[in-house]
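One structure is given here, and the rest of the page talks about it.
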Amino acid sequence: MTIAVETFAIHPLEVGRMENFVYIIQDYSTNHVAIVDPGWEVDKLLRFCENHCFEISQVLLTHSHYDHVNNLDELLSHCHAEVHLLEAEANFWGKRSEMFRLHQDNDSIFLGKTEIKIWHTPGHTPGSACFHLGDSLLTGDTLFVSGCGRCDLAGGDPKQMFYSLQRLRNNCPPETIIYPGHNYGITPFSTMEEQISHNPFLQFDTLDDFIEYRLYGHR
Ligand SMILES: [Fe+2]
């Protein structure tokens, strides 16, 4: 499946044994691509880029959990790419690299003519990020189709998750397409409008009720 929008296209690849999505953002003007969350099956990813004559110039990380970054070093051995992540996540992870470009909330990243905004959405991890471009939002493990990321792992915080989800709910137009970090829903992708009407984690207006449901309810 390939979704073409404006200056860019987003190519999803489902990889690994945890239903992860790796996304390839293609800028039409340059045919440069950004790889989002290079976990698992780097060969499949490289073959896809080679077949489409893509040049990998950037890597974007939504967060540092193993299933999202385990092929980062392997990928970087095949290309010369900058790695973009939030400074808060780099501090949580404890990894350093000369290829890292550390960001703050609302920074912009340019891939050719495509502007990608990085939003700080903590809750799953302290430096979890969502990437916003055009009508698309790549949500990592912050927002899933009909779910949201766990908050009971190291660095998780359900209070922060509540405010991060509120931010997404209140700032994304209804037609925004949601590209999550895992294929956990009844459909792989969705829209913000669908999520606002169906996702149980977007139905809470009070913090305490959300925390109770996130920690003791269902995914
Ligand atoms: Fe995660």
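Going through the structure tokens in order, the chains are called A, B, and so on, while each chain numbers its residues from 1 and the ligands are numbered from 1 in the order shown.
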Using only C-alpha atoms, determine which residues lie at most 7 Å from stretch 34-41 of chain A, disregarding the query and same-chain residues fewer than 4 positions distant; provide the list as number ranges by chain. A: 15-16, 22-26, 45, 56-62, 67-72
Produce a table with one row for each residue of chain A that has an atom at most 10 Å from any atom of ligand 1, each row naming the nearest atom pair and its distance in Å at one decimal; use only C-alpha atoms and all ligand atoms; arrange rows by chain and rising residue number; format as a Markdown table.
```
| residue | atom | partner | partner_atom_place_in_ligand_line | distance |
| --- | --- | --- | --- | --- |
| A:Asn20 | CA | ligand 1 | 1 (Fe) | 9.9 |
| A:Thr62 | CA | ligand 1 | 1 (Fe) | 8.7 |
| A:His63 | CA | ligand 1 | 1 (Fe) | 6.8 |
| A:Ser64 | CA | ligand 1 | 1 (Fe) | 7.3 |
| A:His65 | CA | ligand 1 | 1 (Fe) | 4.9 |
| A:Tyr66 | CA | ligand 1 | 1 (Fe) | 7.6 |
| A:Asp67 | CA | ligand 1 | 1 (Fe) | 7.1 |
| A:His68 | CA | ligand 1 | 1 (Fe) | 7.1 |
| A:Val69 | CA | ligand 1 | 1 (Fe) | 9.9 |
| A:His124 | CA | ligand 1 | 1 (Fe) | 6.7 |
| A:Thr125 | CA | ligand 1 | 1 (Fe) | 7.5 |
| A:Ser128 | CA | ligand 1 | 1 (Fe) | 8.8 |
| A:Gly140 | CA | ligand 1 | 1 (Fe) | 7.5 |
| A:Asp141 | CA | ligand 1 | 1 (Fe) | 5.3 |
| A:Thr142 | CA | ligand 1 | 1 (Fe) | 8.3 |
| A:Gly149 | CA | ligand 1 | 1 (Fe) | 6.9 |
| A:Arg150 | CA | ligand 1 | 1 (Fe) | 7.7 |
| A:Cys151 | CA | ligand 1 | 1 (Fe) | 9.5 |
| A:Leu153 | CA | ligand 1 | 1 (Fe) | 8.9 |
| A:Gly156 | CA | ligand 1 | 1 (Fe) | 9.7 |
| A:Gly181 | CA | ligand 1 | 1 (Fe) | 8.2 |
| A:His182 | CA | ligand 1 | 1 (Fe) | 9.2 |
```
Neighbouring residues of A:Ser197 were defined as those with any atom within 12 Å, considering only C-alpha atoms; residues of the same chain fewer than 6 positions away were excluded. Please report them as a ChimeraX atom specification. /A:145-146,169,174,190-191,203-204
Which of stretch 98-144 of chain A fall in strand (DSSP E), as a PyMOL selection string: chain A and resi 100-103+108-111+114-120+129-133+136-140+143-144
Helix (DSSP H, G or I) call set, DSSP backbone run, stretch 86-119 of chain A, as a ChimeraX atom specification: /A:87-93
Quick one: pull the distance between atom CA of A:Asn183 and atom CA of A:Glu74, Å, one decimal.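 Taking atom CA of A:Asn183 and atom CA of A:Glu74, their separation equals 23.5 Å.
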Pick from A:Glu14, A:Glu89, A:Glu19, A:Glu55 nearest to A:Val42, counting only C-alpha atoms: A:Glu14
Record the distance separating atom CA of A:Asp27 and atom CA of A:Glu98, expressed in Å with one decimal.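 Answer for the atom CA of A:Asp27 to atom CA of A:Glu98 separation: 24.4 Å.
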Compile a residue-level contact table for stretch 171-210 of chain A against stretch 132-137 of chain A at a cut-off of 7 Å, reporting for every qualifying residue the shortest atom pair and its distance in Å to one decimal, with only C-alpha atoms counted, rows ordered by chain and ascending number, as CSV.
```
residue,atom,partner,partner_atom,distance
A:Thr176,CA,A:Asp135,CA,4.8
A:Ile177,CA,A:Ser136,CA,4.8
A:Ile178,CA,A:Leu137,CA,5.2
A:Tyr179,CA,A:Leu137,CA,6.1
```
Taking 5 positions as the minimum chain separation for residues in the same chain, which residues sit within 10 Å of A:Cys53 when counting only C-alpha atoms? Answer as a list of chain:residue names.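 Close residues of A:Cys53: A:Asn31, A:His32, A:Arg47, A:Phe48.
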Applying 8 Å and only C-alpha atoms, which residues near stretch 209-211 of chain A remain after dropping the ones on its own chain fewer than 5 positions away? List them as a list in words.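 The residues that qualify are Pro158, Lys159, Phe162, Phe201 and Phe204 of chain A.
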Interatomic distance between atom CA of A:Glu50 and atom CA of A:Cys79?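 About the pair atom CA of A:Glu50 and atom CA of A:Cys79: they are 11.6 Å apart.
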